[in-house]
Structure formats: structure tokens, C-alpha cells
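Undergrad: I'd like to ask some things about the structure below.
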Amino acid sequence: IDGIDEDISSLARTRRAESLNGTGETSGAALRGLAARLAVLAAQHLVATTPGDPPSFGEASFEHSPDSRRGDRLAFIRWPGRHESQASPGAVESTTVPVSSGPESILLGVRQLGTQAEAEGWLSGAAFLRETLVELLQQRSDADPGDHETELAAARMQAGLSCLAAGRSEEALEHFSKSERSSKTLSALVPTESAHKVRAACALTMIGLIRLQSGRSADAVLAADEAVTISQHLADQGTEFDDILALALTVLGLVRLQADDPDAEHSIVRAVTIFEKVSKRSGRRSDRLQALLGLTLLGTLYLKTERISDAENTLTRAIGMSEALAAEDAPDNSSRLLLASMLVGVGTMYLASDRMGEAEAPITSAIAIAEE
């Protein structure tokens, strides 16, 4: 590259680290910070997976040694053995753990580190690790086409979710699109394998959301509608796929609502009905929350179309459901904040209808929740 006297692979990593680590730092500082964080995660993983008592870290050291077979260097974490104090004078037992050993262990390590980064809320690092896993799997697929496409499609789906959580919508859209295409191909090759259809439906649902956020309403409707079609085929096979259908319907309803499509109500009502059935079967809080969000969306639709009576009934149901969730999960402020937003919505609806006396109670309750 003209004007740049650097190794191309190093340059790519530097730019990636720079974009992940935010602004105000040099690319070198960003890369060093990312490497340090990865080192910590690697050390935590090694300790967690090493049998027996944890080693003594007071004398731990990071070492490297030449590898004459490849002409590069291997890195090691070395620490004294657990039974060093019982050894004979002059004898020192040590434990040496390679950071990686072979392609499969590298893939496993990157995958586990990505999961750990997500669990710790390190979103930019998780996205970096998920994309790194995709790159490694793509290299393996290129070297041996046809045998690793399922794993690669799943990794792209996960990378898309991680990038979206980190605020990188364009990269997320690319991963979801590639996962969707691969999953459709795999489904055509193995029609009896439902996992490929599930992945394609989920990818299309996320594509619809991202396109909606970027103002591409027509494209969003196409993606969400196709997600519903695939999900319906799955749901026809068994009730275990009902939640996937309901989620796709919710997104389709949201997209149609933004586009002032009269079919929005039908999609949202179906989604709420299915989620309520699913939540009764499973009892899971997540399913009840999805039903609640669907009711909120439906209430918004009724307000937008000035169907005040329908909006009042729907939002009253939503408030009752959110009150139950907040009472069951008291330490979780998100439930109470959701309840407060519902109350504000109902109060605002009453104010818009010149029902001043009825507006005071919900708005006062919302303020009290916000002050707690």
C-alpha cells in the first residue's frame, strides 16, 4: 500500500483494534489494551480448566521460545508446581501451559473467551472474538470446502448478535446476511434438519430490524415477511417453534407499523396470542416479557390510529402484566422502569383525551417508581 511501510496483516489488526477501542487512543495503544484484556481472559480460562488447586501466581512468568519448525515463536505461561515445597532440595517442579496447541484448541479457546467476554459485559471484545472465530472457521472452510459450513453459519449468526450489541450495525448486517444465505443452502441440502431453517428465520428477523433502524422500510418488510414464512413452516411441524414464529411476527408488525401498513395489527395480535400461549406452557419470564412487549406495541398501534378505547384496554392489560413481573423480580429495576413507562403512556393517553382526572394517578405512580 502506497505510503504505508507496514506488514499488511499487522495493519488489519491495528485498524480493527482501533475501531473497537473507541476514540482518543493511538492504534498501537488500542491494540495493546485489547491484547492485555485477551491475556487476562486466557489466564482465567487456564486457571478454571486446570485440575486441582490453583497454582501460585507469585512466581508466574510469561515466556516464549523459538519454534524451529515454523520459524516463529510460541508463547507460554509458566508457574511453579503445586508440590514444589515437597520436592527434594534443588529440584523444582514446574507447570508449563501453551497458550494454544493446534487448530481445534485455538477455535475452542476463542469461542470460550468470546462467551466469557459477553458474560462480563465486554461487548467490543466479545464482538472482536466472535469475528475472529468467523475468520478462523472461514479459513478452515476455504481449505476444506463443504465440511464446516454449518459451524461457520452458526458462528456468523453469533458474530452478528455480538456486533449488534456493540453498536456495529453494518458489520452485524453482513454477518446475518451471510448466515442466512448459508443456512438456506444447508436447509435445501438437508431438508429434514430444522436447525438450518431456525437459523435462517432468526437471521432474517435481525436483518429486518437493522434495515428498519436504517430507514430501509421496504427491505425490512421483505426480510421480516420471509422470516415469518419460514417460521410458520417450522411451527407447523411442532409447538417448540412457536416462539420463533411469534418473534418474527412481532418484528413484522413493528416494521409494518412504521410503514403505516394496515396489516400491522394482524401481525402483532398473532404475535401476542402466540407468546401468551407459549408463556403459559413454559412459565418463563422471557416469554411473558415478549408477550408484554407485544401488548405495548399493539397499544401504540391503537394510539397511532386514534382507537382510544382499544388502546386503553390493551395498555391496561400490559400494566397488569408488568406489575406482576416487577413484583416477582423486585431486584431487577428494568421491570419497574418498564412499568413506569407503561404508566406514563396511559397517563399521556388520558391527557390527550381531555381526561385530566384519570391521568393523574398513573403519572403520579410513574414518578414514584422513578424516584425509588
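Naming works like this for the C-alpha cells: A, B, ... for the chains as they're shown, residue 1 at the start of each chain, ligands 1 onward in shown order.
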Quick one: everything within 12 Å of Glu131 of chain A, counting only C-alpha atoms, minus sequence neighbours fewer than 2 positions away in the same chain. Send it as a ChimeraX atom specification.
TA: /A:13,16,20,107,110-111,114,124-129,133-138,152,154-163,168,171-172,174-175
Undergrad: Atoms to include: C-alpha atoms. Write the selected residues as a short mmCIF file (atom, residue, chain, number, x, y, z; two decimals), in the first residue's frame.
TA:
data_model
loop_
_atom_site.label_atom_id
_atom_site.label_comp_id
_atom_site.auth_asym_id
_atom_site.auth_seq_id
_atom_site.Cartn_x
_atom_site.Cartn_y
_atom_site.Cartn_z
CA ARG A 13 -5.37 -5.99 13.22
CA ARG A 16 -9.70 -3.44 13.88
CA LEU A 20 -13.25 -1.38 18.67
CA LEU A 107 -11.07 -22.47 17.90
CA VAL A 110 -11.51 -18.23 21.03
CA ARG A 111 -15.09 -19.46 21.37
CA GLY A 114 -15.94 -14.83 23.48
CA SER A 124 -16.47 -4.74 21.96
CA GLY A 125 -14.11 -7.54 22.95
CA ALA A 126 -16.83 -10.16 22.51
CA ALA A 127 -17.54 -8.86 19.00
CA PHE A 128 -13.83 -8.95 18.17
CA LEU A 129 -13.55 -12.54 19.39
CA LEU A 133 -13.72 -17.11 15.23
CA VAL A 134 -15.55 -16.49 11.94
CA GLU A 135 -12.25 -15.68 10.22
CA LEU A 136 -10.65 -18.88 11.53
CA LEU A 137 -13.61 -21.01 10.50
CA GLN A 138 -13.67 -19.35 7.08
CA LEU A 152 -19.49 -21.30 10.09
CA ALA A 154 -23.76 -20.57 13.36
CA ALA A 155 -20.60 -18.56 14.12
CA ARG A 156 -21.70 -15.82 11.73
CA MET A 157 -25.07 -15.64 13.49
CA GLN A 158 -23.34 -15.24 16.85
CA ALA A 159 -20.92 -12.67 15.43
CA GLY A 160 -23.88 -10.69 14.12
CA LEU A 161 -25.52 -10.65 17.54
CA SER A 162 -22.27 -9.59 19.22
CA CYS A 163 -21.62 -6.82 16.69
CA ARG A 168 -21.79 -2.08 14.94
CA GLU A 171 -20.97 -5.46 10.39
CA ALA A 172 -23.88 -7.23 12.10
CA GLU A 174 -23.17 -8.53 6.88
CA HIS A 175 -22.84 -11.47 9.28
#
Undergrad: Under the rule of at most 9 Å, produce a per-residue listing of segment 146-252 of chain A near segment 283-303 of chain A: chain, number, name, the closest pair of atoms, and the distance in Å, as JSON lines, using only C-alpha atoms.
TA:
{"residue": "A:Asp243", "atom": "CA", "partner": "A:Asp287", "partner_atom": "CA", "distance": 7.9}
{"residue": "A:Ala246", "atom": "CA", "partner": "A:Gln290", "partner_atom": "CA", "distance": 8.8}
{"residue": "A:Leu247", "atom": "CA", "partner": "A:Gln290", "partner_atom": "CA", "distance": 8.0}
{"residue": "A:Thr250", "atom": "CA", "partner": "A:Gly294", "partner_atom": "CA", "distance": 6.6}
Undergrad: Of the residues A:Ala359, A:Leu351, A:Val255, A:Cys202, which is the one nearest to Asp219 of chain A, using only C-alpha atoms?
TA: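 Of all the options, A:Val255 lies closest to Asp219 of chain A.
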Undergrad: So, with only C-alpha atoms as the atoms that count, which of A:Ile367, A:Leu234, A:Ala311, A:Val221 lies closest to Pro191 of chain A?
TA: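 Result for the nearest residue to Pro191 of chain A: A:Leu234.
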Undergrad: Between atom CA of Asp242 of chain A and atom CA of Arg281 of chain A, what is the spacing in Å?
TA: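 Calculated distance between atom CA of Arg281 of chain A and atom CA of Asp242 of chain A is 11.1 Å.
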Undergrad: Extract, using only C-alpha atoms, all DNA, RNA and protein residues at most 12 Å from Ala195 of chain A, discarding same-chain residues fewer than 4 positions from it, and format them as a list of chain:residue names.
TA: A:Thr150, A:Glu151, A:Ala153, A:Ala154, A:Glu180, A:Ser183, A:Lys184, A:Leu186, A:Ser187, A:Val190, A:Pro191, A:Arg199, A:Ala200, A:Ala201, A:Cys202, A:Ile230, A:Ser231, A:Leu234, A:Phe241, A:Ile244
Undergrad: So which bits of segment 86-189 of chain A end up helix (DSSP H, G or I) when you DSSP the backbone, as a PyMOL selection string?
TA: chain A and resi 86+103-119+123-143+149-165+169-189
Undergrad: Can you work out which one of A:Thr364, A:Gln213, A:Gln116, A:Ser194 has the shortest atom-to-atom distance to Gly167 of chain A, counting only C-alpha atoms?
TA: A:Gln213
Undergrad: Measure the distance from atom CA of Thr305 of chain A to atom CA of Thr205 of chain A in Å and round it to one decimal.
TA: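 Computed distance, atom CA of Thr305 of chain A to atom CA of Thr205 of chain A, equals 25.4 Å.
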Undergrad: Quick one: distance from atom CA of Ala218 of chain A to atom CA of Asp310 of chain A in Å, one decimal?
TA: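 Atom-to-atom, atom CA of Ala218 of chain A and atom CA of Asp310 of chain A are spaced 28.0 Å apart.
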